[in-house]
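Shown below: my_file.txt, with compact mmCIF, C-alpha atoms and all ligand atoms.
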```txt
# COMPACT_ATOMS: atom_id res chain seq x y z
CA MET A 75 -7.25 -1.31 15.50
CA SER A 76 -8.80 -0.09 12.30
CA VAL A 77 -12.13 1.78 12.33
CA SER A 78 -14.46 0.52 9.61
CA SER A 79 -15.72 3.20 7.20
CA THR A 80 -18.96 1.26 6.71
CA GLN A 81 -19.66 0.98 10.44
CA SER A 82 -18.69 4.41 11.67
CA ILE A 83 -17.55 7.68 10.13
CA PRO A 84 -13.83 8.29 10.43
CA VAL A 85 -12.52 11.68 11.51
CA CYS A 86 -10.95 13.33 8.46
CA SER A 87 -8.47 16.17 8.12
CA ASP A 88 -6.80 17.86 5.14
CA ILE A 89 -3.76 15.59 5.25
CA PRO A 90 -4.58 11.91 4.75
CA ARG A 91 -3.86 9.85 7.82
CA HIS A 92 -3.25 6.81 5.62
CA LEU A 93 -1.96 7.16 2.06
CA ALA A 94 -1.81 4.10 -0.23
CA ILE A 95 0.08 4.28 -3.53
CA ILE A 96 0.27 2.08 -6.62
CA MET A 97 3.74 2.99 -7.86
CA ASP A 98 3.18 2.44 -11.58
CA GLY A 99 4.99 3.50 -14.75
CA ASN A 100 8.58 2.45 -14.06
CA GLY A 101 8.79 0.38 -17.23
CA ARG A 102 7.33 3.08 -19.48
CA TRP A 103 9.57 5.71 -17.88
CA ALA A 104 12.58 3.63 -18.95
CA THR A 105 11.27 2.60 -22.37
CA ARG A 106 10.70 6.27 -23.26
CA ARG A 107 14.37 6.86 -22.61
CA MET A 108 15.44 3.79 -24.60
CA LEU A 109 16.60 2.22 -21.33
CA PRO A 110 15.83 -1.31 -20.09
CA ARG A 111 12.69 -1.50 -17.90
CA THR A 112 14.93 -2.42 -14.99
CA ALA A 113 16.45 1.11 -15.09
CA GLY A 114 12.95 2.40 -14.35
CA HIS A 115 12.64 0.15 -11.32
CA MET A 116 15.99 1.38 -10.02
CA ARG A 117 14.90 5.01 -10.41
CA GLY A 118 11.63 4.08 -8.75
CA VAL A 119 13.51 3.33 -5.52
CA GLN A 120 14.67 6.96 -5.40
CA ALA A 121 11.07 8.09 -5.70
CA VAL A 122 10.18 5.85 -2.73
CA ARG A 123 12.81 7.63 -0.65
CA ARG A 124 11.49 11.07 -1.67
CA VAL A 125 7.88 10.16 -0.93
CA VAL A 126 8.67 8.55 2.44
CA GLU A 127 10.50 11.71 3.51
CA ALA A 128 7.77 14.03 2.20
CA CYS A 129 5.06 12.00 3.97
CA GLY A 130 7.03 12.17 7.21
CA ARG A 131 7.28 15.96 6.89
CA GLN A 132 3.58 16.33 6.06
CA GLY A 133 2.43 14.30 9.05
CA VAL A 134 1.05 11.27 7.21
CA GLU A 135 0.83 8.46 9.78
CA TYR A 136 0.57 5.44 7.49
CA LEU A 137 2.09 5.07 4.02
CA THR A 138 1.42 1.89 2.07
CA LEU A 139 3.27 1.20 -1.17
CA PHE A 140 2.36 -1.50 -3.68
CA ALA A 141 5.74 -2.90 -4.76
CA PHE A 142 4.89 -6.29 -6.29
CA SER A 143 1.47 -7.77 -6.94
CA SER A 144 0.49 -11.42 -6.75
CA GLU A 145 0.11 -11.19 -10.55
CA ASN A 146 3.55 -9.66 -11.20
CA TRP A 147 5.10 -13.17 -11.23
CA ARG A 148 3.68 -13.34 -14.77
CA ARG A 149 6.40 -10.94 -15.96
CA PRO A 150 9.56 -12.10 -17.77
CA GLN A 151 11.78 -14.02 -15.39
CA GLU A 152 14.70 -11.55 -15.72
CA GLU A 153 12.46 -8.68 -14.64
CA VAL A 154 11.10 -10.62 -11.66
CA SER A 155 14.67 -11.56 -10.60
CA LEU A 156 15.81 -7.94 -10.88
CA LEU A 157 12.86 -6.79 -8.77
CA MET A 158 13.71 -9.36 -6.08
CA ARG A 159 17.39 -8.32 -6.09
CA LEU A 160 16.37 -4.70 -5.86
CA PHE A 161 14.14 -5.51 -2.92
CA VAL A 162 17.03 -7.22 -1.12
CA GLN A 163 19.50 -4.40 -1.91
CA THR A 164 17.07 -1.71 -0.86
CA LEU A 165 16.37 -3.40 2.46
CA GLU A 166 20.10 -3.83 3.08
CA LYS A 167 20.85 -0.22 2.24
CA GLU A 168 17.87 1.72 3.52
CA VAL A 169 16.62 0.11 6.73
CA GLY A 170 19.23 1.81 8.95
CA LYS A 171 18.29 5.22 7.58
CA LEU A 172 14.57 4.52 7.84
CA SER A 173 15.02 3.43 11.41
CA ASP A 174 16.93 6.62 12.27
CA GLN A 175 14.04 8.61 10.79
CA GLY A 176 11.61 6.87 13.14
CA VAL A 177 9.95 4.81 10.40
CA ARG A 178 8.31 1.53 11.32
CA LEU A 179 8.48 -0.89 8.40
CA ARG A 180 6.15 -3.78 7.72
CA VAL A 181 5.78 -5.98 4.65
CA VAL A 182 2.39 -7.47 3.82
CA GLY A 183 1.68 -10.17 1.26
CA ASP A 184 2.29 -13.89 0.88
CA LEU A 185 5.96 -13.91 1.86
CA ARG A 186 6.26 -17.70 1.56
CA ALA A 187 6.97 -17.28 -2.16
CA PHE A 188 10.17 -15.32 -1.49
CA GLU A 189 13.73 -16.63 -1.11
CA PRO A 190 14.73 -17.32 2.52
CA ARG A 191 17.32 -14.50 2.36
CA LEU A 192 14.67 -11.95 1.46
CA ARG A 193 12.31 -13.28 4.11
CA ASP A 194 15.07 -13.02 6.74
CA LEU A 195 15.83 -9.44 5.73
CA ILE A 196 12.15 -8.54 5.95
CA ARG A 197 11.83 -10.07 9.41
CA ALA A 198 15.01 -8.32 10.60
CA ALA A 199 13.80 -4.96 9.24
CA GLU A 200 10.40 -5.37 10.90
CA ASP A 201 12.04 -6.30 14.21
CA ARG A 202 14.56 -3.48 14.07
CA THR A 203 11.94 -0.80 13.44
CA GLN A 204 9.12 -2.20 15.58
CA HIS A 205 9.30 0.50 18.25
CA ASN A 206 9.32 3.41 15.78
CA SER A 207 6.22 5.48 15.36
CA ALA A 208 6.97 8.61 13.28
CA LEU A 209 5.65 6.96 10.08
CA GLN A 210 4.19 3.48 9.61
CA LEU A 211 5.50 2.34 6.24
CA THR A 212 3.98 -0.79 4.72
CA ILE A 213 5.34 -2.41 1.58
CA ALA A 214 2.86 -4.70 -0.17
CA ALA A 215 4.87 -7.46 -1.83
CA ASN A 216 3.39 -10.55 -3.45
CA TYR A 217 0.21 -8.93 -2.23
CA GLY A 218 -3.24 -9.29 -3.74
CA GLY A 219 -6.48 -7.99 -2.27
CA ARG A 220 -8.26 -11.26 -3.01
CA TRP A 221 -5.46 -13.24 -1.38
CA ASP A 222 -5.80 -11.02 1.68
CA ILE A 223 -9.54 -11.62 2.04
CA LEU A 224 -9.08 -15.35 1.54
CA GLN A 225 -6.20 -15.69 4.00
CA ALA A 226 -8.20 -13.72 6.56
CA THR A 227 -11.22 -15.97 6.03
CA ARG A 228 -9.11 -19.10 6.45
CA GLN A 229 -7.59 -17.82 9.69
CA LEU A 230 -11.00 -16.80 11.00
CA LEU A 231 -12.52 -20.20 10.29
CA LEU A 232 -9.62 -21.96 11.97
CA SER A 233 -10.03 -19.91 15.12
CA ARG A 234 -13.84 -19.93 15.13
CA PRO A 235 -15.03 -23.21 13.58
CA GLU A 236 -18.55 -22.59 14.92
CA LEU A 237 -19.00 -20.11 12.05
CA LEU A 238 -19.36 -23.06 9.70
CA THR A 239 -22.66 -24.01 11.32
CA GLN A 240 -23.68 -20.45 12.31
CA PRO A 241 -22.67 -18.32 9.31
CA GLU A 242 -24.97 -15.52 10.51
CA LEU A 243 -22.26 -14.76 13.11
CA LEU A 244 -19.90 -13.75 10.33
CA ASP A 245 -19.68 -9.98 10.08
CA GLU A 246 -17.07 -7.32 9.32
CA ASN A 247 -15.86 -7.17 12.90
CA ALA A 248 -15.19 -10.91 12.87
CA LEU A 249 -13.17 -10.87 9.66
CA SER A 250 -11.30 -7.57 9.69
CA PRO A 251 -8.83 -8.40 12.51
CA TYR A 252 -7.38 -11.10 10.25
CA LEU A 253 -6.74 -8.84 7.25
CA SER A 254 -3.05 -8.23 6.81
CA MET A 255 -3.34 -4.48 7.49
CA ALA A 256 -5.60 -4.75 10.54
CA TYR A 257 -3.16 -2.49 12.41
CA ALA A 258 -3.90 0.48 10.15
CA PRO A 259 -6.95 2.64 9.52
CA GLU A 260 -8.44 2.31 6.04
CA PRO A 261 -6.61 4.47 3.46
CA ASP A 262 -7.97 8.02 3.18
CA LEU A 263 -6.22 8.68 -0.11
CA PHE A 264 -5.12 6.33 -2.89
CA ILE A 265 -2.71 7.53 -5.56
CA ARG A 266 -1.91 5.64 -8.74
CA THR A 267 0.85 7.03 -10.94
CA GLY A 268 1.42 6.05 -14.56
CA GLY A 269 -1.96 6.99 -16.02
CA GLU A 270 -3.92 3.75 -15.56
CA GLN A 271 -7.19 4.07 -13.68
CA ARG A 272 -7.58 0.71 -12.01
CA ILE A 273 -7.02 -0.95 -8.64
CA SER A 274 -5.07 -3.99 -9.96
CA ASN A 275 -6.03 -6.17 -6.98
CA PHE A 276 -4.54 -3.80 -4.38
CA LEU A 277 -6.35 -3.26 -1.05
CA ILE A 278 -9.80 -4.10 -2.40
CA TRP A 279 -11.49 -4.47 0.99
CA GLN A 280 -9.86 -1.43 2.59
CA LEU A 281 -10.43 0.99 -0.33
CA ALA A 282 -14.23 0.93 0.14
CA TYR A 283 -14.46 4.68 0.93
CA THR A 284 -10.98 5.86 -0.06
CA GLU A 285 -10.59 8.91 -2.31
CA LEU A 286 -8.99 7.78 -5.58
CA TYR A 287 -6.42 10.02 -7.30
CA PHE A 288 -4.85 9.17 -10.63
CA THR A 289 -1.91 10.99 -12.20
CA GLU A 290 -0.21 10.60 -15.57
CA SER A 291 3.25 11.06 -13.96
CA TYR A 292 5.41 7.97 -14.07
CA TRP A 293 6.50 6.76 -10.65
CA PRO A 294 10.25 7.57 -11.11
CA ASP A 295 9.26 11.22 -11.75
CA PHE A 296 6.92 11.45 -8.76
CA GLY A 297 8.10 13.73 -5.95
CA ALA A 298 7.14 16.13 -3.18
CA LYS A 299 5.42 18.56 -5.57
CA ASP A 300 3.22 15.84 -7.06
CA LEU A 301 2.37 14.69 -3.56
CA GLN A 302 1.43 18.23 -2.64
CA ALA A 303 -0.90 18.42 -5.68
CA ALA A 304 -2.58 15.17 -4.62
CA PHE A 305 -3.01 16.42 -1.05
CA GLN A 306 -4.52 19.66 -2.32
CA TRP A 307 -7.01 17.70 -4.43
CA TYR A 308 -7.77 15.49 -1.41
CA ALA A 309 -8.36 18.47 0.90
CA ASN A 310 -11.10 19.66 -1.49
CA ARG A 311 -13.01 16.38 -1.53
CA GLU A 312 -16.24 16.12 0.36
CA ARG A 313 -16.12 12.71 2.04
CA ARG A 314 -19.74 11.83 2.60
CA PHE A 315 -19.60 8.14 3.59
CA GLY A 316 -23.15 7.72 2.34
CA ARG A 317 -24.57 10.94 3.81
CA THR A 318 -25.79 14.04 1.98
CA SER A 319 -23.91 17.32 1.53
CA ALA A 320 -26.52 19.10 3.64
CA GLN A 321 -25.87 16.78 6.56
CA ILE A 322 -22.16 17.46 6.34
CA ALA A 323 -22.72 21.23 6.23
CA LEU A 324 -24.61 20.94 9.54
CA GLN A 325 -21.70 19.23 11.27
CA PRO A 326 -20.05 21.26 14.03
C1 LIG B 401 5.42 -0.57 -11.48
O1 LIG B 401 5.87 -0.17 -12.73
C2 LIG B 401 6.39 -1.46 -10.76
C3 LIG B 401 5.95 -2.85 -10.61
C4 LIG B 401 4.81 -3.34 -10.98
C5 LIG B 401 6.88 -3.75 -9.96
P1 LIG B 401 5.65 -1.08 -14.01
O2 LIG B 401 6.82 -2.01 -14.12
O3 LIG B 401 4.32 -1.73 -13.99
O4 LIG B 401 5.73 -0.01 -15.17
P2 LIG B 401 4.84 0.04 -16.47
O5 LIG B 401 3.41 0.07 -16.03
O6 LIG B 401 5.16 -1.18 -17.27
O7 LIG B 401 5.26 1.31 -17.15
C1 LIG B 402 0.25 -2.80 -10.12
O1 LIG B 402 0.90 -2.42 -11.30
C2 LIG B 402 1.22 -3.43 -9.18
C3 LIG B 402 2.32 -2.60 -8.69
C4 LIG B 402 2.55 -1.34 -8.95
C5 LIG B 402 3.20 -3.27 -7.82
P1 LIG B 402 0.84 -3.31 -12.62
O2 LIG B 402 1.62 -2.56 -13.65
O3 LIG B 402 1.29 -4.68 -12.32
O4 LIG B 402 -0.70 -3.32 -12.94
P2 LIG B 402 -1.48 -3.67 -14.30
O5 LIG B 402 -1.00 -5.01 -14.74
O6 LIG B 402 -1.11 -2.60 -15.29
O7 LIG B 402 -2.92 -3.62 -13.93
MG MG B 403 2.50 -1.17 -14.67
```
Taking this structure as input, can you express it in the form of structure tokens?
Ligand code: IPE
Ligand code: IPE
Ligand code: MG
Amino acid sequence: MSVSSTQSIPVCSDIPRHLAIIMDGNGRWATRRMLPRTAGHMRGVQAVRRVVEACGRQGVEYLTLFAFSSENWRRPQEEVSLLMRLFVQTLEKEVGKLSDQGVRLRVVGDLRAFEPRLRDLIRAAEDRTQHNSALQLTIAANYGGRWDILQATRQLLLSRPELLTQPELLDENALSPYLSMAYAPEPDLFIRTGGEQRISNFLIWQLAYTELYFTESYWPDFGAKDLQAAFQWYANRERRFGRTSAQIALQP
């Protein structure tokens, strides 16, 4: 179960235990090359493969990738359909390989909005890889941080209706087991490619004390070298979790 960064101080090392990425810039990558935006999404899948392999080599335990936000349905219908097809094709093509590499795959988000075929593929991929432990890969799809907090609250209230009359019993420990990534520690490092410096409704609860790294590189160009640069930056951060530098210097 996840250790809360506001309740205790996580053990940190130079390589993030949990890396969360907003894979942004596919559309601009393509537009720059006079290609349709969809070409950028297709190239983006190759970057996913590179980053999964590099994270495995580097000893990252949890990798979480934002693939489709709860607000991405607002995009043109052709783009949304292409993204769904790409999701299906990628699952069909890649799950065997991921499984051989020891990757455990999970998908978080409101999956009810997806076609039954995609939902079945997701379930099958999760089942097939459930005993793997080399790298815990989570794809956030139709995911929104606000949705996550709300769905967790609804589940909590259903299981503990007494909270309605005793709201003082509601604390982090009560709610956090119902968040969709309760199985993972909070992200140590967040990377957003594509130059924007915003969270776009990603893991808003879990990012409370995460180090935030932004790069201008578009996602289809992102690879092992860029990951290395982010890790180097991360290794030089002083993670204080509310304490002072002097206190940290005194740590054994
Ligand atoms: C990220 O790239 C992929 C998804 C949101 C699905 P974008 O498609 O947002 O690319 P830009 O930001 O328009 O360049
Ligand atoms: C965030 O990117 C979502 C994903 C990468 C899946 P967006 O491109 O949708 O974010 P905004 O709209 O620029 O904030
Ligand atoms: Mg974008």
Check: Leaving out Val154 of chain A and any residue of its chain fewer than 6 positions from it, which residues lie within 12 Å of it when counting only C-alpha atoms, given as a list in words?
Finding: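 Here the qualifying residues turn out to be Arg111, Thr112, His115, Ala141, Phe142, Ser143, Ser144, Glu145, Asn146, Trp147, Arg148, Leu160, Phe161, Phe188 and Asn216 of chain A.
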Notebook entry, point to check: So how far away is atom MG of ligand MG 403 (chain B) from atom CA of Gln210 of chain A, in Å?
Noted result: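 Taking atom CA of Gln210 of chain A as the start and atom MG of ligand MG 403 (chain B) as the end point, the length is 24.8 Å.
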Which residues of chain A have any atom within 12 Å of an atom in ligand LIG 402 (chain B) when counting all atoms listed in the file, and what is the closest pair of atoms for each, with the distance in Å to one decimal? Order the rows by chain and rising number and write it as CSV.
```
residue,atom,partner,partner_atom,distance
A:Ala94,CA,B:LIG402,C4,11.2
A:Ile95,CA,B:LIG402,C4,8.2
A:Ile96,CA,B:LIG402,C4,4.7
A:Met97,CA,B:LIG402,C4,4.6
A:Asp98,CA,B:LIG402,C4,4.6
A:Gly99,CA,B:LIG402,O2,7.0
A:Asn100,CA,B:LIG402,O2,8.6
A:Gly101,CA,B:LIG402,O2,8.5
A:Arg102,CA,B:LIG402,O2,9.9
A:Arg111,CA,B:LIG402,O2,11.9
A:His115,CA,B:LIG402,C4,10.5
A:Gly118,CA,B:LIG402,C4,10.6
A:Thr138,CA,B:LIG402,C5,11.3
A:Leu139,CA,B:LIG402,C5,8.0
A:Phe140,CA,B:LIG402,C5,4.6
A:Ala141,CA,B:LIG402,C5,4.0
A:Phe142,CA,B:LIG402,C5,3.8
A:Ser143,CA,B:LIG402,C2,4.9
A:Ser144,CA,B:LIG402,C2,8.4
A:Glu145,CA,B:LIG402,O3,6.8
A:Asn146,CA,B:LIG402,O3,5.6
A:Trp147,CA,B:LIG402,O3,9.4
A:Arg148,CA,B:LIG402,O3,9.3
A:Arg149,CA,B:LIG402,O3,8.9
A:Val154,CA,B:LIG402,C5,11.5
A:Leu157,CA,B:LIG402,C5,10.3
A:Gly183,CA,B:LIG402,C5,11.5
A:Ile213,CA,B:LIG402,C5,9.7
A:Ala214,CA,B:LIG402,C5,7.8
A:Ala215,CA,B:LIG402,C5,7.5
A:Asn216,CA,B:LIG402,C5,8.5
A:Tyr217,CA,B:LIG402,C5,8.5
A:Gly218,CA,B:LIG402,C2,9.2
A:Gly219,CA,B:LIG402,C2,11.3
A:Ile265,CA,B:LIG402,C4,10.9
A:Arg266,CA,B:LIG402,C4,8.3
A:Thr267,CA,B:LIG402,C4,8.8
A:Gly268,CA,B:LIG402,O2,8.7
A:Gly269,CA,B:LIG402,O6,9.7
A:Glu270,CA,B:LIG402,O6,6.9
A:Gln271,CA,B:LIG402,O7,8.8
A:Arg272,CA,B:LIG402,O7,6.6
A:Ile273,CA,B:LIG402,O7,7.2
A:Ser274,CA,B:LIG402,O7,4.5
A:Asn275,CA,B:LIG402,C1,7.8
A:Phe276,CA,B:LIG402,C2,7.5
A:Leu277,CA,B:LIG402,C2,11.1
A:Tyr292,CA,B:LIG402,C4,11.0
A:Trp293,CA,B:LIG402,C4,9.2
A:Pro294,CA,B:LIG402,C4,12.0
```
Using only C-alpha atoms, please write the residues we just selected to a file, as a compact mmCIF listing (two decimals), keeping the file's coordinate frame.
```txt
# COMPACT_ATOMS: atom_id res chain seq x y z
CA ALA A 94 -1.81 4.10 -0.23
CA ILE A 95 0.08 4.28 -3.53
CA ILE A 96 0.27 2.08 -6.62
CA MET A 97 3.74 2.99 -7.86
CA ASP A 98 3.18 2.44 -11.58
CA GLY A 99 4.99 3.50 -14.75
CA ASN A 100 8.58 2.45 -14.06
CA GLY A 101 8.79 0.38 -17.23
CA ARG A 102 7.33 3.08 -19.48
CA ARG A 111 12.69 -1.50 -17.90
CA HIS A 115 12.64 0.15 -11.32
CA GLY A 118 11.63 4.08 -8.75
CA THR A 138 1.42 1.89 2.07
CA LEU A 139 3.27 1.20 -1.17
CA PHE A 140 2.36 -1.50 -3.68
CA ALA A 141 5.74 -2.90 -4.76
CA PHE A 142 4.89 -6.29 -6.29
CA SER A 143 1.47 -7.77 -6.94
CA SER A 144 0.49 -11.42 -6.75
CA GLU A 145 0.11 -11.19 -10.55
CA ASN A 146 3.55 -9.66 -11.20
CA TRP A 147 5.10 -13.17 -11.23
CA ARG A 148 3.68 -13.34 -14.77
CA ARG A 149 6.40 -10.94 -15.96
CA VAL A 154 11.10 -10.62 -11.66
CA LEU A 157 12.86 -6.79 -8.77
CA GLY A 183 1.68 -10.17 1.26
CA ILE A 213 5.34 -2.41 1.58
CA ALA A 214 2.86 -4.70 -0.17
CA ALA A 215 4.87 -7.46 -1.83
CA ASN A 216 3.39 -10.55 -3.45
CA TYR A 217 0.21 -8.93 -2.23
CA GLY A 218 -3.24 -9.29 -3.74
CA GLY A 219 -6.48 -7.99 -2.27
CA ILE A 265 -2.71 7.53 -5.56
CA ARG A 266 -1.91 5.64 -8.74
CA THR A 267 0.85 7.03 -10.94
CA GLY A 268 1.42 6.05 -14.56
CA GLY A 269 -1.96 6.99 -16.02
CA GLU A 270 -3.92 3.75 -15.56
CA GLN A 271 -7.19 4.07 -13.68
CA ARG A 272 -7.58 0.71 -12.01
CA ILE A 273 -7.02 -0.95 -8.64
CA SER A 274 -5.07 -3.99 -9.96
CA ASN A 275 -6.03 -6.17 -6.98
CA PHE A 276 -4.54 -3.80 -4.38
CA LEU A 277 -6.35 -3.26 -1.05
CA TYR A 292 5.41 7.97 -14.07
CA TRP A 293 6.50 6.76 -10.65
CA PRO A 294 10.25 7.57 -11.11
```
Check: atom CA of Arg117 of chain A and atom CA of Gln163 of chain A are how many Å apart?
Finding: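 A separation of 13.5 Å between them.
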Margin query: Between atom CA of Arg180 of chain A and atom CA of Ile196 of chain A, what distance in Å does the model show, to one decimal?
Written below: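 These two atoms are separated by 7.9 Å.
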Check: Using all atoms listed in the file, which of A:Ala282, A:Leu224, A:Ala208, A:Leu195 sits nearest Val181 of chain A?
Finding: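 With all atoms listed in the file as the atom set, the closest residue is A:Leu195.
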Notebook entry, point to check: For ligand LIG 401 (chain B), which residue out of A:Ser291, A:Asn247, A:Ser254, A:Thr227 is the nearest one, using all atoms listed in the file?
Noted result: A:Ser291
Next item on the list: May I ask which of the residues A:Pro326, A:Gly133, A:Pro190, A:Gly114 is the closest one to ligand LIG 401 (chain B), counting only C-alpha atoms and all ligand atoms?
Entry: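 Checking each of A:Pro326, A:Gly133, A:Pro190, A:Gly114 against ligand LIG 401 (chain B), counting only C-alpha atoms and all ligand atoms, the winner is A:Gly114.
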